file my_file-v6.cif (mmCIF, N, CA and C atoms and all ligand atoms)
data_coords
loop_
_atom_site.label_atom_id
_atom_site.label_comp_id
_atom_site.auth_asym_id
_atom_site.auth_seq_id
_atom_site.Cartn_x
_atom_site.Cartn_y
_atom_site.Cartn_z
N MET A 1 11.55 -15.42 -6.02
CA MET A 1 10.18 -15.00 -5.73
C MET A 1 10.14 -13.53 -5.36
N LYS A 2 9.24 -12.84 -5.96
CA LYS A 2 9.09 -11.41 -5.69
C LYS A 2 8.46 -11.18 -4.33
N LYS A 3 9.05 -10.29 -3.56
CA LYS A 3 8.49 -9.96 -2.24
C LYS A 3 7.75 -8.64 -2.33
N GLN A 4 6.62 -8.62 -1.73
CA GLN A 4 5.90 -7.37 -1.66
C GLN A 4 6.40 -6.57 -0.48
N ILE A 5 6.39 -5.28 -0.60
CA ILE A 5 6.69 -4.41 0.53
C ILE A 5 5.36 -3.90 1.07
N LEU A 6 5.20 -4.05 2.39
CA LEU A 6 3.89 -3.76 2.95
C LEU A 6 3.40 -2.35 2.68
N GLU A 7 4.30 -1.38 2.68
CA GLU A 7 3.83 0.00 2.46
C GLU A 7 3.19 0.17 1.09
N HIS A 8 3.54 -0.71 0.20
CA HIS A 8 2.98 -0.61 -1.14
C HIS A 8 1.68 -1.38 -1.26
N CYS A 9 1.36 -2.11 -0.22
CA CYS A 9 0.11 -2.84 -0.22
C CYS A 9 -1.00 -1.94 0.29
N GLN A 10 -2.19 -2.26 -0.10
CA GLN A 10 -3.31 -1.58 0.51
C GLN A 10 -3.54 -2.19 1.86
N ARG A 11 -3.73 -1.33 2.85
CA ARG A 11 -3.85 -1.81 4.21
C ARG A 11 -5.21 -1.41 4.77
N LEU A 12 -5.80 -2.33 5.47
CA LEU A 12 -7.09 -2.09 6.10
C LEU A 12 -6.92 -2.25 7.61
N ARG A 13 -7.13 -1.14 8.32
CA ARG A 13 -6.95 -1.19 9.77
C ARG A 13 -8.31 -1.35 10.45
N ILE A 14 -8.30 -2.03 11.57
CA ILE A 14 -9.54 -2.26 12.29
C ILE A 14 -10.15 -0.93 12.71
N SER A 15 -9.31 0.07 12.99
CA SER A 15 -9.84 1.37 13.42
C SER A 15 -10.66 2.04 12.32
N GLU A 16 -10.38 1.67 11.07
CA GLU A 16 -11.11 2.27 9.96
C GLU A 16 -12.52 1.71 9.82
N VAL A 17 -12.75 0.54 10.36
CA VAL A 17 -14.06 -0.07 10.21
C VAL A 17 -14.81 -0.13 11.54
N ARG A 18 -14.19 0.44 12.57
CA ARG A 18 -14.76 0.38 13.92
C ARG A 18 -16.21 0.91 13.95
N ASP A 19 -16.45 1.95 13.17
CA ASP A 19 -17.77 2.60 13.17
C ASP A 19 -18.89 1.70 12.66
N VAL A 20 -18.56 0.74 11.83
CA VAL A 20 -19.62 -0.09 11.26
C VAL A 20 -19.82 -1.38 12.04
N ILE A 21 -19.02 -1.60 13.07
CA ILE A 21 -19.20 -2.77 13.91
C ILE A 21 -20.24 -2.44 14.98
N PRO A 22 -21.29 -3.24 15.11
CA PRO A 22 -22.31 -2.96 16.12
C PRO A 22 -21.70 -2.88 17.53
N LEU A 23 -22.23 -1.98 18.31
CA LEU A 23 -21.71 -1.76 19.65
C LEU A 23 -21.72 -3.05 20.47
N GLU A 24 -20.60 -3.35 21.10
CA GLU A 24 -20.43 -4.51 21.96
C GLU A 24 -20.68 -5.84 21.28
N ALA A 25 -20.62 -5.85 19.96
CA ALA A 25 -20.75 -7.11 19.24
C ALA A 25 -19.50 -7.94 19.49
N THR A 26 -19.68 -9.25 19.64
CA THR A 26 -18.51 -10.11 19.81
C THR A 26 -18.07 -10.70 18.49
N SER A 27 -18.92 -10.56 17.48
CA SER A 27 -18.50 -10.98 16.15
C SER A 27 -19.36 -10.25 15.13
N ALA A 28 -18.82 -10.06 13.97
CA ALA A 28 -19.53 -9.38 12.90
C ALA A 28 -18.91 -9.80 11.57
N ILE A 29 -19.68 -9.63 10.52
CA ILE A 29 -19.16 -9.88 9.18
C ILE A 29 -19.17 -8.55 8.44
N LEU A 30 -18.04 -8.16 7.93
CA LEU A 30 -17.95 -6.91 7.19
C LEU A 30 -17.80 -7.23 5.71
N GLU A 31 -18.47 -6.44 4.89
CA GLU A 31 -18.32 -6.59 3.46
C GLU A 31 -17.32 -5.56 2.99
N VAL A 32 -16.19 -6.01 2.56
CA VAL A 32 -15.15 -5.10 2.07
C VAL A 32 -14.95 -5.41 0.60
N GLY A 33 -15.43 -4.52 -0.24
CA GLY A 33 -15.43 -4.81 -1.67
C GLY A 33 -16.35 -5.98 -1.92
N THR A 34 -15.80 -7.04 -2.49
CA THR A 34 -16.61 -8.23 -2.77
C THR A 34 -16.36 -9.32 -1.75
N GLN A 35 -15.49 -9.01 -0.77
CA GLN A 35 -15.09 -10.03 0.19
C GLN A 35 -15.78 -9.83 1.53
N GLU A 36 -16.21 -10.91 2.13
CA GLU A 36 -16.76 -10.83 3.47
C GLU A 36 -15.67 -11.18 4.47
N ILE A 37 -15.46 -10.30 5.42
CA ILE A 37 -14.39 -10.50 6.39
C ILE A 37 -14.99 -10.59 7.79
N SER A 38 -14.62 -11.62 8.51
CA SER A 38 -15.11 -11.78 9.88
C SER A 38 -14.31 -10.91 10.83
N VAL A 39 -15.03 -10.36 11.80
CA VAL A 39 -14.41 -9.54 12.83
C VAL A 39 -14.83 -10.12 14.17
N ILE A 40 -13.90 -10.20 15.11
CA ILE A 40 -14.26 -10.66 16.45
C ILE A 40 -13.95 -9.58 17.47
N GLY A 41 -14.78 -9.54 18.49
CA GLY A 41 -14.56 -8.60 19.59
C GLY A 41 -14.13 -9.36 20.82
N ARG A 42 -13.11 -8.85 21.46
CA ARG A 42 -12.63 -9.47 22.71
C ARG A 42 -12.67 -8.42 23.80
N LEU A 43 -13.18 -8.83 24.94
CA LEU A 43 -13.23 -7.93 26.09
C LEU A 43 -11.80 -7.55 26.48
N THR A 44 -11.61 -6.29 26.75
CA THR A 44 -10.27 -5.85 27.15
C THR A 44 -9.95 -6.37 28.55
N ASN A 45 -8.70 -6.30 28.93
CA ASN A 45 -8.28 -6.76 30.25
C ASN A 45 -9.00 -6.01 31.36
N LEU A 46 -9.30 -4.75 31.11
CA LEU A 46 -10.00 -3.94 32.10
C LEU A 46 -11.51 -4.19 32.09
N ARG A 47 -11.94 -4.98 31.12
CA ARG A 47 -13.36 -5.31 30.96
C ARG A 47 -14.24 -4.07 30.82
N ASN A 48 -13.70 -3.06 30.23
CA ASN A 48 -14.48 -1.84 30.03
C ASN A 48 -14.83 -1.62 28.56
N GLY A 49 -14.60 -2.61 27.76
CA GLY A 49 -14.92 -2.46 26.35
C GLY A 49 -14.33 -3.59 25.55
N TYR A 50 -14.57 -3.52 24.25
CA TYR A 50 -14.09 -4.58 23.37
C TYR A 50 -13.00 -4.06 22.46
N ARG A 51 -12.08 -4.93 22.17
CA ARG A 51 -11.09 -4.67 21.13
C ARG A 51 -11.45 -5.57 19.96
N TYR A 52 -11.31 -5.03 18.77
CA TYR A 52 -11.73 -5.78 17.59
C TYR A 52 -10.56 -6.19 16.72
N TYR A 53 -10.74 -7.35 16.13
CA TYR A 53 -9.71 -7.91 15.26
C TYR A 53 -10.37 -8.50 14.02
N PHE A 54 -9.66 -8.39 12.91
CA PHE A 54 -10.08 -9.12 11.71
C PHE A 54 -9.65 -10.56 11.87
N LEU A 55 -10.48 -11.46 11.39
CA LEU A 55 -10.03 -12.85 11.30
C LEU A 55 -9.53 -13.06 9.88
N CYS A 56 -8.26 -13.40 9.76
CA CYS A 56 -7.71 -13.66 8.44
C CYS A 56 -8.48 -14.80 7.79
N PRO A 57 -8.98 -14.61 6.57
CA PRO A 57 -9.77 -15.67 5.91
C PRO A 57 -8.94 -16.90 5.57
N VAL A 58 -7.63 -16.76 5.60
CA VAL A 58 -6.77 -17.89 5.25
C VAL A 58 -6.38 -18.70 6.49
N CYS A 59 -5.82 -18.02 7.50
CA CYS A 59 -5.31 -18.75 8.66
C CYS A 59 -6.24 -18.64 9.88
N SER A 60 -7.30 -17.82 9.77
CA SER A 60 -8.30 -17.68 10.85
C SER A 60 -7.73 -17.15 12.16
N LYS A 61 -6.59 -16.46 12.08
CA LYS A 61 -6.03 -15.85 13.27
C LYS A 61 -6.42 -14.37 13.32
N PRO A 62 -6.53 -13.82 14.54
CA PRO A 62 -6.93 -12.42 14.65
C PRO A 62 -5.80 -11.43 14.38
N PHE A 63 -6.11 -10.40 13.59
CA PHE A 63 -5.13 -9.36 13.27
C PHE A 63 -5.81 -8.01 13.28
N GLU A 64 -5.06 -6.97 13.62
CA GLU A 64 -5.62 -5.62 13.62
C GLU A 64 -5.55 -4.97 12.24
N SER A 65 -4.78 -5.54 11.35
CA SER A 65 -4.70 -5.02 9.99
C SER A 65 -4.73 -6.17 9.00
N LEU A 66 -5.33 -5.91 7.86
CA LEU A 66 -5.25 -6.87 6.77
C LEU A 66 -4.64 -6.16 5.57
N PHE A 67 -4.07 -6.94 4.69
CA PHE A 67 -3.40 -6.39 3.52
C PHE A 67 -3.98 -7.02 2.27
N LYS A 68 -3.98 -6.23 1.21
CA LYS A 68 -4.53 -6.74 -0.03
C LYS A 68 -3.47 -7.56 -0.75
N SER A 69 -3.81 -8.78 -1.04
CA SER A 69 -2.86 -9.67 -1.69
C SER A 69 -2.84 -9.42 -3.19
N ASP A 70 -1.93 -10.09 -3.86
CA ASP A 70 -1.85 -9.99 -5.32
C ASP A 70 -3.16 -10.36 -5.99
N PHE A 71 -3.92 -11.18 -5.32
CA PHE A 71 -5.16 -11.66 -5.90
C PHE A 71 -6.34 -10.76 -5.55
N GLY A 72 -6.05 -9.65 -4.89
CA GLY A 72 -7.10 -8.72 -4.55
C GLY A 72 -7.90 -9.14 -3.34
N ARG A 73 -7.37 -10.08 -2.59
CA ARG A 73 -8.05 -10.60 -1.43
C ARG A 73 -7.39 -10.04 -0.18
N TRP A 74 -8.20 -9.76 0.83
CA TRP A 74 -7.64 -9.25 2.09
C TRP A 74 -7.18 -10.40 2.95
N VAL A 75 -5.91 -10.40 3.30
CA VAL A 75 -5.34 -11.44 4.16
C VAL A 75 -4.41 -10.79 5.18
N CYS A 76 -3.99 -11.55 6.17
CA CYS A 76 -3.08 -11.01 7.17
C CYS A 76 -1.68 -10.88 6.59
N ARG A 77 -0.81 -10.22 7.36
CA ARG A 77 0.54 -9.97 6.83
C ARG A 77 1.32 -11.26 6.63
N VAL A 78 1.01 -12.27 7.43
CA VAL A 78 1.70 -13.55 7.28
C VAL A 78 1.29 -14.20 5.97
N CYS A 79 -0.01 -14.25 5.75
CA CYS A 79 -0.52 -14.91 4.56
C CYS A 79 -0.26 -14.12 3.29
N SER A 80 -0.08 -12.81 3.42
CA SER A 80 0.20 -12.02 2.23
C SER A 80 1.60 -12.29 1.71
N GLY A 81 2.44 -12.89 2.56
CA GLY A 81 3.79 -13.21 2.14
C GLY A 81 4.69 -11.99 2.05
N ALA A 82 4.18 -10.88 2.52
CA ALA A 82 4.95 -9.64 2.43
C ALA A 82 5.96 -9.56 3.57
N VAL A 83 6.93 -8.74 3.39
CA VAL A 83 7.90 -8.51 4.45
C VAL A 83 7.73 -7.10 4.99
N TYR A 84 8.06 -6.94 6.23
CA TYR A 84 8.03 -5.61 6.82
C TYR A 84 9.19 -4.79 6.30
N ALA A 85 8.89 -3.61 5.86
CA ALA A 85 9.95 -2.71 5.43
C ALA A 85 10.49 -1.96 6.63
N SER A 86 11.71 -1.48 6.50
CA SER A 86 12.38 -0.87 7.64
C SER A 86 11.73 0.43 8.06
N CYS A 87 10.97 1.05 7.19
CA CYS A 87 10.39 2.35 7.53
C CYS A 87 9.06 2.21 8.26
N MET A 88 8.73 1.02 8.65
CA MET A 88 7.55 0.81 9.49
C MET A 88 7.70 1.69 10.73
N ARG A 89 6.74 2.59 10.92
CA ARG A 89 6.89 3.56 12.01
C ARG A 89 6.46 2.97 13.34
N ARG A 90 7.15 3.40 14.37
CA ARG A 90 6.79 2.99 15.73
C ARG A 90 5.82 3.98 16.33
N GLY A 91 4.96 3.49 17.18
CA GLY A 91 4.07 4.36 17.92
C GLY A 91 2.99 4.99 17.07
N GLY A 92 2.91 4.59 15.81
CA GLY A 92 1.88 5.17 14.95
C GLY A 92 0.65 4.35 15.10
ZN ZN A 101 -3.49 -15.26 7.65
#
call {"tool": "encode", "arguments": {"input": "my_file-v6.cif", "output": "structure tokens", "more": "lines below"}}
Ligand SMILES: [Zn+2]
result
Amino acid sequence: MKKQILEHCQRLRISEVRDVIPLEATSAILEVGTQEISVIGRLTNLRNGYRYYFLCPVCSKPFESLFKSDFGRWVCRVCSGAVYASCMRRGG
């Protein structure tokens, strides 16, 4: 089975869509291409704001990044079946 390398996948970070999420929304639906992706907001530990996560459309778990699968669908890294490459940078 062919493994995808994540760096070669298209990646969608929550920070890139932060601007289109309504302020203090606890959930939102984003239209990314032809796909609707659910986003949830969780109050931070300090309760001074919300952190946002994509809900993977496959496993419904929250992730800060989604990856484009072979089928052109945005899914989490687990569901994409991709492996982390060693050049994944720290602190970025
Ligand atoms: Zn998933």
call {"tool": "residues_near_ligand", "arguments": {"input": "my_file-v6.cif", "ligand": "ligand ZN 101 (chain A)", "cutoff": "5 Å", "atoms": "only N, CA and C atoms and all ligand atoms", "output": "list in words"}}
result
Cys56, Val58, Cys59, Cys76 and Cys79 of chain A
call {"tool": "closest_residue", "arguments": {"input": "my_file-v6.cif", "among": "A:Ser60, A:Ser80, A:Tyr50, A:Leu30", "to": "A:Glu16", "atoms": "only C-alpha atoms"}}
result
A:Leu30
call {"tool": "atom_distance", "arguments": {"input": "my_file-v6.cif", "atom1": "atom CA of A:Gly81", "atom2": "atom CA of A:Arg18"}}
result
25.8 Å
call {"tool": "residues_around", "arguments": {"input": "my_file-v6.cif", "residues": "A:Ile40", "least_positions_apart": "6", "cutoff": "8 Å", "atoms": "only C-alpha atoms", "output": "list of chain:residue names"}}
result
A:Ala25, A:Thr26, A:Ser27, A:Ala28, A:Tyr52, A:Tyr53, A:Phe54, A:Leu55, A:Pro62
call {"tool": "select_by_dssp", "arguments": {"input": "my_file-v6.cif", "residues": "stretch 2-72 of chain A", "states": "alpha helix (DSSP H)", "output": "ChimeraX atom specification"}}
result
/A:14-17
call {"tool": "atom_distance", "arguments": {"input": "my_file-v6.cif", "atom1": "atom N of A:Thr44", "atom2": "atom C of A:Val75"}}
result
23.2 Å
call {"tool": "residues_around", "arguments": {"input": "my_file-v6.cif", "residues": "A:Trp74", "least_positions_apart": "6", "cutoff": "6.5 Å", "atoms": "only N, CA and C atoms", "output": "MDAnalysis selection string"}}
result
chainID A and resid 56:57 66:68
call {"tool": "closest_residue", "arguments": {"input": "my_file-v6.cif", "among": "A:Leu23, A:Leu12, A:Val78, A:Leu46", "to": "A:Lys61", "atoms": "only C-alpha atoms"}}
result
A:Val78
call {"tool": "atom_distance", "arguments": {"input": "my_file-v6.cif", "atom1": "atom C of A:Glu24", "atom2": "atom N of A:Phe63"}}
result
17.1 Å
call {"tool": "select_by_dssp", "arguments": {"input": "my_file-v6.cif", "residues": "stretch 5-69 of chain A", "states": "strand (DSSP E or B)", "output": "JSON, numbers by chain"}}
result
{"A": [5, 11, 12, 13, 27, 28, 29, 30, 31, 32, 35, 36, 37, 38, 39, 40, 41, 42, 43, 50, 51, 52, 53, 54, 55, 62, 63, 65, 66, 67, 68]}
call {"tool": "decode", "arguments": {"input": "my_file-v6.cif", "residues": "stretch 45-86 of chain A", "atoms": "C-alpha atoms", "output": "mmCIF file, in the first residue's frame"}}
result
data_model
loop_
_atom_site.group_PDB
_atom_site.id
_atom_site.type_symbol
_atom_site.label_atom_id
_atom_site.label_comp_id
_atom_site.auth_asym_id
_atom_site.auth_seq_id
_atom_site.Cartn_x
_atom_site.Cartn_y
_atom_site.Cartn_z
ATOM 1 C CA ASN A 45 -8.226 26.790 30.304
ATOM 2 C CA LEU A 46 -7.841 30.450 31.190
ATOM 3 C CA ARG A 47 -11.398 31.066 29.993
ATOM 4 C CA ASN A 48 -10.265 34.122 28.120
ATOM 5 C CA GLY A 49 -11.147 32.925 24.671
ATOM 6 C CA TYR A 50 -11.884 30.015 22.423
ATOM 7 C CA ARG A 51 -9.636 27.579 20.671
ATOM 8 C CA TYR A 52 -10.973 26.166 17.449
ATOM 9 C CA TYR A 53 -10.734 22.715 15.974
ATOM 10 C CA PHE A 54 -11.911 21.063 12.804
ATOM 11 C CA LEU A 55 -14.117 18.069 13.314
ATOM 12 C CA CYS A 56 -12.874 15.322 11.051
ATOM 13 C CA PRO A 57 -15.836 14.314 8.848
ATOM 14 C CA VAL A 58 -14.800 10.680 9.123
ATOM 15 C CA CYS A 59 -13.993 10.089 12.794
ATOM 16 C CA SER A 60 -15.643 13.239 14.264
ATOM 17 C CA LYS A 61 -12.627 13.961 16.442
ATOM 18 C CA PRO A 62 -11.235 17.486 16.831
ATOM 19 C CA PHE A 63 -8.023 18.398 14.992
ATOM 20 C CA GLU A 64 -6.163 21.630 14.362
ATOM 21 C CA SER A 65 -5.235 20.582 10.843
ATOM 22 C CA LEU A 66 -6.926 18.626 8.122
ATOM 23 C CA PHE A 67 -5.303 17.030 5.115
ATOM 24 C CA LYS A 68 -6.568 16.474 1.633
ATOM 25 C CA SER A 69 -7.063 12.804 0.959
ATOM 26 C CA ASP A 70 -6.606 10.996 -2.331
ATOM 27 C CA PHE A 71 -10.286 11.505 -2.905
ATOM 28 C CA GLY A 72 -10.015 15.257 -2.560
ATOM 29 C CA ARG A 73 -11.763 15.208 0.772
ATOM 30 C CA TRP A 74 -10.467 16.948 3.884
ATOM 31 C CA VAL A 75 -9.846 14.481 6.699
ATOM 32 C CA CYS A 76 -7.647 14.293 9.779
ATOM 33 C CA ARG A 77 -4.146 12.873 9.661
ATOM 34 C CA VAL A 78 -5.332 9.581 11.103
ATOM 35 C CA CYS A 79 -8.047 9.105 8.530
ATOM 36 C CA SER A 80 -5.843 10.276 5.683
ATOM 37 C CA GLY A 81 -3.686 7.229 6.339
ATOM 38 C CA ALA A 82 -0.613 9.356 5.901
ATOM 39 C CA VAL A 83 2.517 9.035 7.944
ATOM 40 C CA TYR A 84 4.463 11.810 9.546
ATOM 41 C CA ALA A 85 7.665 12.526 7.747
ATOM 42 C CA SER A 86 10.811 13.107 9.734
#
